[in-house]
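One file, my_file-v8.cif, is given below (mmCIF, N, CA and C atoms).
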```cif
data_coords
loop_
_atom_site.group_PDB
_atom_site.id
_atom_site.type_symbol
_atom_site.label_atom_id
_atom_site.label_comp_id
_atom_site.auth_asym_id
_atom_site.auth_seq_id
_atom_site.Cartn_x
_atom_site.Cartn_y
_atom_site.Cartn_z
ATOM 1 N N MET A 230 11.189 -29.989 -2.408
ATOM 2 C CA MET A 230 11.484 -31.377 -2.663
ATOM 3 C C MET A 230 12.977 -31.611 -2.470
ATOM 4 N N GLY A 231 13.335 -32.169 -1.358
ATOM 5 C CA GLY A 231 14.729 -32.310 -1.031
ATOM 6 C C GLY A 231 15.341 -33.647 -1.413
ATOM 7 N N ASN A 232 14.564 -34.617 -1.783
ATOM 8 C CA ASN A 232 15.100 -35.947 -2.074
ATOM 9 C C ASN A 232 15.315 -36.136 -3.565
ATOM 10 N N SER A 233 16.355 -36.885 -3.911
ATOM 11 C CA SER A 233 16.673 -37.085 -5.326
ATOM 12 C C SER A 233 15.544 -37.783 -6.075
ATOM 13 N N TRP A 234 14.845 -38.703 -5.399
ATOM 14 C CA TRP A 234 13.740 -39.372 -6.089
ATOM 15 C C TRP A 234 12.637 -38.372 -6.409
ATOM 16 N N GLN A 235 12.437 -37.405 -5.538
ATOM 17 C CA GLN A 235 11.406 -36.398 -5.788
ATOM 18 C C GLN A 235 11.807 -35.498 -6.957
ATOM 19 N N HIS A 236 13.076 -35.154 -7.016
ATOM 20 C CA HIS A 236 13.556 -34.341 -8.140
ATOM 21 C C HIS A 236 13.407 -35.100 -9.459
ATOM 22 N N ALA A 237 13.702 -36.387 -9.433
ATOM 23 C CA ALA A 237 13.599 -37.199 -10.646
ATOM 24 C C ALA A 237 12.148 -37.295 -11.121
ATOM 25 N N VAL A 238 11.218 -37.474 -10.189
ATOM 26 C CA VAL A 238 9.794 -37.522 -10.548
ATOM 27 C C VAL A 238 9.352 -36.180 -11.114
ATOM 28 N N GLN A 239 9.748 -35.096 -10.466
ATOM 29 C CA GLN A 239 9.370 -33.763 -10.940
ATOM 30 C C GLN A 239 9.945 -33.501 -12.328
ATOM 31 N N ALA A 240 11.180 -33.932 -12.565
ATOM 32 C CA ALA A 240 11.791 -33.745 -13.883
ATOM 33 C C ALA A 240 11.000 -34.488 -14.958
ATOM 34 N N ALA A 241 10.529 -35.682 -14.636
ATOM 35 C CA ALA A 241 9.703 -36.433 -15.591
ATOM 36 C C ALA A 241 8.368 -35.735 -15.822
ATOM 37 N N MET A 242 7.766 -35.251 -14.754
ATOM 38 C CA MET A 242 6.472 -34.579 -14.877
ATOM 39 C C MET A 242 6.590 -33.284 -15.693
ATOM 40 N N ASP A 243 7.745 -32.627 -15.599
ATOM 41 C CA ASP A 243 7.951 -31.346 -16.274
ATOM 42 C C ASP A 243 8.486 -31.482 -17.695
ATOM 43 N N GLU A 244 8.933 -32.674 -18.072
ATOM 44 C CA GLU A 244 9.557 -32.857 -19.387
ATOM 45 C C GLU A 244 8.534 -32.694 -20.502
ATOM 46 N N SER A 245 8.814 -31.787 -21.414
ATOM 47 C CA SER A 245 7.893 -31.545 -22.533
ATOM 48 C C SER A 245 8.394 -32.169 -23.834
ATOM 49 N N ASP A 246 9.641 -32.584 -23.862
ATOM 50 C CA ASP A 246 10.227 -33.217 -25.047
ATOM 51 C C ASP A 246 9.913 -34.717 -25.010
ATOM 52 N N LEU A 247 9.032 -35.145 -25.882
ATOM 53 C CA LEU A 247 8.624 -36.552 -25.889
ATOM 54 C C LEU A 247 9.788 -37.491 -26.166
ATOM 55 N N ASN A 248 10.821 -37.010 -26.843
ATOM 56 C CA ASN A 248 11.998 -37.840 -27.104
ATOM 57 C C ASN A 248 12.799 -38.112 -25.839
ATOM 58 N N ARG A 249 12.666 -37.269 -24.831
ATOM 59 C CA ARG A 249 13.405 -37.426 -23.588
ATOM 60 C C ARG A 249 12.528 -37.952 -22.454
ATOM 61 N N LEU A 250 11.221 -37.943 -22.648
ATOM 62 C CA LEU A 250 10.297 -38.289 -21.578
ATOM 63 C C LEU A 250 10.469 -39.716 -21.081
ATOM 64 N N GLU A 251 10.587 -40.676 -21.975
ATOM 65 C CA GLU A 251 10.713 -42.070 -21.542
ATOM 66 C C GLU A 251 11.945 -42.262 -20.659
ATOM 67 N N SER A 252 13.045 -41.633 -21.033
ATOM 68 C CA SER A 252 14.266 -41.721 -20.233
ATOM 69 C C SER A 252 14.072 -41.101 -18.856
ATOM 70 N N LYS A 253 13.394 -39.968 -18.798
ATOM 71 C CA LYS A 253 13.128 -39.300 -17.517
ATOM 72 C C LYS A 253 12.238 -40.159 -16.631
ATOM 73 N N ILE A 254 11.245 -40.810 -17.221
ATOM 74 C CA ILE A 254 10.361 -41.701 -16.464
ATOM 75 C C ILE A 254 11.162 -42.858 -15.892
ATOM 76 N N GLN A 255 12.018 -43.449 -16.716
ATOM 77 C CA GLN A 255 12.841 -44.565 -16.251
ATOM 78 C C GLN A 255 13.763 -44.124 -15.110
ATOM 79 N N GLN A 256 14.351 -42.947 -15.232
ATOM 80 C CA GLN A 256 15.221 -42.432 -14.176
ATOM 81 C C GLN A 256 14.439 -42.243 -12.885
ATOM 82 N N ALA A 257 13.222 -41.727 -12.996
ATOM 83 C CA ALA A 257 12.386 -41.517 -11.816
ATOM 84 C C ALA A 257 12.034 -42.845 -11.156
ATOM 85 N N GLU A 258 11.658 -43.822 -11.956
ATOM 86 C CA GLU A 258 11.297 -45.125 -11.399
ATOM 87 C C GLU A 258 12.488 -45.790 -10.716
ATOM 88 N N VAL A 259 13.658 -45.692 -11.306
ATOM 89 C CA VAL A 259 14.860 -46.253 -10.683
ATOM 90 C C VAL A 259 15.121 -45.564 -9.348
ATOM 91 N N ALA A 260 15.014 -44.242 -9.322
ATOM 92 C CA ALA A 260 15.247 -43.490 -8.083
ATOM 93 C C ALA A 260 14.241 -43.887 -7.006
ATOM 94 N N ILE A 261 12.984 -44.078 -7.397
ATOM 95 C CA ILE A 261 11.944 -44.482 -6.445
ATOM 96 C C ILE A 261 12.258 -45.869 -5.880
ATOM 97 N N PHE A 262 12.562 -46.817 -6.762
ATOM 98 C CA PHE A 262 12.849 -48.173 -6.294
ATOM 99 C C PHE A 262 14.109 -48.230 -5.441
ATOM 100 N N GLN A 263 15.104 -47.425 -5.769
ATOM 101 C CA GLN A 263 16.320 -47.387 -4.947
ATOM 102 C C GLN A 263 16.010 -46.872 -3.549
ATOM 103 N N ARG A 264 15.143 -45.877 -3.467
ATOM 104 C CA ARG A 264 14.781 -45.329 -2.164
ATOM 105 C C ARG A 264 13.955 -46.338 -1.371
ATOM 106 N N ILE A 265 13.020 -47.006 -2.026
ATOM 107 C CA ILE A 265 12.223 -48.033 -1.349
ATOM 108 C C ILE A 265 13.147 -49.112 -0.805
ATOM 109 N N ASP A 266 14.122 -49.494 -1.599
ATOM 110 C CA ASP A 266 15.055 -50.541 -1.205
ATOM 111 C C ASP A 266 15.968 -50.096 -0.057
ATOM 112 N N ALA A 267 16.141 -48.791 0.115
ATOM 113 C CA ALA A 267 17.068 -48.255 1.110
ATOM 114 C C ALA A 267 16.555 -48.377 2.546
ATOM 115 N N PHE A 268 15.280 -48.593 2.710
ATOM 116 C CA PHE A 268 14.756 -48.741 4.069
ATOM 117 C C PHE A 268 13.632 -49.759 4.095
ATOM 118 N N SER A 269 13.443 -50.355 5.240
ATOM 119 C CA SER A 269 12.434 -51.411 5.338
ATOM 120 C C SER A 269 11.128 -50.927 5.952
ATOM 121 N N SER A 270 11.162 -49.796 6.643
ATOM 122 C CA SER A 270 9.928 -49.269 7.222
ATOM 123 C C SER A 270 9.741 -47.817 6.795
ATOM 124 N N ALA A 271 8.522 -47.382 6.814
ATOM 125 C CA ALA A 271 8.197 -46.025 6.367
ATOM 126 C C ALA A 271 8.790 -44.976 7.298
ATOM 127 N N HIS A 272 9.270 -43.909 6.714
ATOM 128 C CA HIS A 272 9.800 -42.783 7.462
ATOM 129 C C HIS A 272 8.921 -41.563 7.184
ATOM 130 N N ASP A 273 8.207 -41.113 8.178
ATOM 131 C CA ASP A 273 7.399 -39.893 8.083
ATOM 132 C C ASP A 273 6.485 -39.874 6.864
ATOM 133 N N GLY A 274 5.884 -40.985 6.567
ATOM 134 C CA GLY A 274 4.946 -41.037 5.447
ATOM 135 C C GLY A 274 5.605 -41.075 4.081
ATOM 136 N N GLU A 275 6.925 -41.187 4.045
ATOM 137 C CA GLU A 275 7.610 -41.170 2.760
ATOM 138 C C GLU A 275 7.233 -42.369 1.897
ATOM 139 N N ALA A 276 6.965 -43.508 2.501
ATOM 140 C CA ALA A 276 6.603 -44.685 1.718
ATOM 141 C C ALA A 276 5.353 -44.402 0.883
ATOM 142 N N GLY A 277 4.363 -43.782 1.488
ATOM 143 C CA GLY A 277 3.152 -43.432 0.741
ATOM 144 C C GLY A 277 3.450 -42.483 -0.402
ATOM 145 N N ALA A 278 4.319 -41.520 -0.152
ATOM 146 C CA ALA A 278 4.701 -40.566 -1.193
ATOM 147 C C ALA A 278 5.458 -41.265 -2.314
ATOM 148 N N LEU A 279 6.292 -42.229 -1.966
ATOM 149 C CA LEU A 279 7.031 -42.985 -2.976
ATOM 150 C C LEU A 279 6.079 -43.764 -3.888
ATOM 151 N N PHE A 280 5.110 -44.441 -3.287
ATOM 152 C CA PHE A 280 4.176 -45.210 -4.098
ATOM 153 C C PHE A 280 3.274 -44.303 -4.932
ATOM 154 N N GLU A 281 2.922 -43.145 -4.420
ATOM 155 C CA GLU A 281 2.143 -42.174 -5.198
ATOM 156 C C GLU A 281 2.962 -41.661 -6.373
ATOM 157 N N ALA A 282 4.247 -41.406 -6.138
ATOM 158 C CA ALA A 282 5.129 -40.954 -7.212
ATOM 159 C C ALA A 282 5.287 -42.029 -8.274
ATOM 160 N N LEU A 283 5.399 -43.272 -7.849
ATOM 161 C CA LEU A 283 5.499 -44.371 -8.799
ATOM 162 C C LEU A 283 4.233 -44.470 -9.643
ATOM 163 N N LYS A 284 3.092 -44.273 -9.016
ATOM 164 C CA LYS A 284 1.818 -44.280 -9.741
ATOM 165 C C LYS A 284 1.809 -43.166 -10.795
ATOM 166 N N LYS A 285 2.302 -41.981 -10.436
ATOM 167 C CA LYS A 285 2.337 -40.856 -11.372
ATOM 168 C C LYS A 285 3.235 -41.161 -12.558
ATOM 169 N N THR A 286 4.401 -41.778 -12.301
ATOM 170 C CA THR A 286 5.296 -42.087 -13.414
ATOM 171 C C THR A 286 4.680 -43.136 -14.323
ATOM 172 N N ARG A 287 3.957 -44.092 -13.753
ATOM 173 C CA ARG A 287 3.296 -45.106 -14.586
ATOM 174 C C ARG A 287 2.195 -44.479 -15.433
ATOM 175 N N GLU A 288 1.433 -43.569 -14.848
ATOM 176 C CA GLU A 288 0.383 -42.874 -15.612
ATOM 177 C C GLU A 288 0.991 -42.051 -16.720
ATOM 178 N N LEU A 289 2.096 -41.371 -16.411
ATOM 179 C CA LEU A 289 2.768 -40.566 -17.417
ATOM 180 C C LEU A 289 3.297 -41.451 -18.542
ATOM 181 N N SER A 290 3.872 -42.574 -18.202
ATOM 182 C CA SER A 290 4.401 -43.507 -19.182
ATOM 183 C C SER A 290 3.288 -44.034 -20.078
ATOM 184 N N ASN A 291 2.131 -44.319 -19.507
ATOM 185 C CA ASN A 291 1.007 -44.822 -20.296
ATOM 186 C C ASN A 291 0.420 -43.771 -21.218
ATOM 187 N N SER A 292 0.717 -42.495 -20.951
ATOM 188 C CA SER A 292 0.155 -41.428 -21.784
ATOM 189 C C SER A 292 0.981 -41.137 -23.022
ATOM 190 N N ILE A 293 2.171 -41.744 -23.122
ATOM 191 C CA ILE A 293 3.003 -41.464 -24.303
ATOM 192 C C ILE A 293 2.929 -42.589 -25.302
#
```

Kindly present the structure from the file in structure tokens form.
Amino acid sequence: MGNSWQHAVQAAMDESDLNRLESKIQQAEVAIFQRIDAFSSAHDGEAGALFEALKKTRELSNSI
């Protein structure tokens, strides 16, 4: 995972401290939206991966 948004999503997925999880989710979502905003067309399927990552962060957020 070479992109910062991917690292942020992985950090949220790996966070076991519930006190820090919400912050990690927010950081991941910000990173995802910043990346989406950085380009107008999909690059090598990254747009699909971004939306899948956003879905994962929302599911994780709903589980806490």

*asked:* So that I can check the surroundings of Leu250 of chain A, please list as an MDAnalysis selection string every protein, DNA and RNA residue that reaches within 8 Å of it, counting only N, CA and C atoms and ignoring chain neighbours fewer than 6 positions away.
replied: chainID A and resid 240:242 244 256 289:290

*Which value, in Å to one decimal, gives the distance between atom CA of Phe268 of chain A and atom CA of Leu283 of chain A?*
16.4 Å

*asked:* With distances taken over all atoms listed in the file, which residue among A:Ser233, A:Ser252, A:Val238, A:Ile265 lies nearest Lys285 of chain A?
replied: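 Answer, going by the shortest atom-to-atom distance: A:Val238.
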
*Which residues come within 8 Å of Ile261 of chain A, counting only C-alpha atoms, excluding same-chain residues fewer than 5 positions away, as number ranges by chain?*
A: 234, 279, 282-283
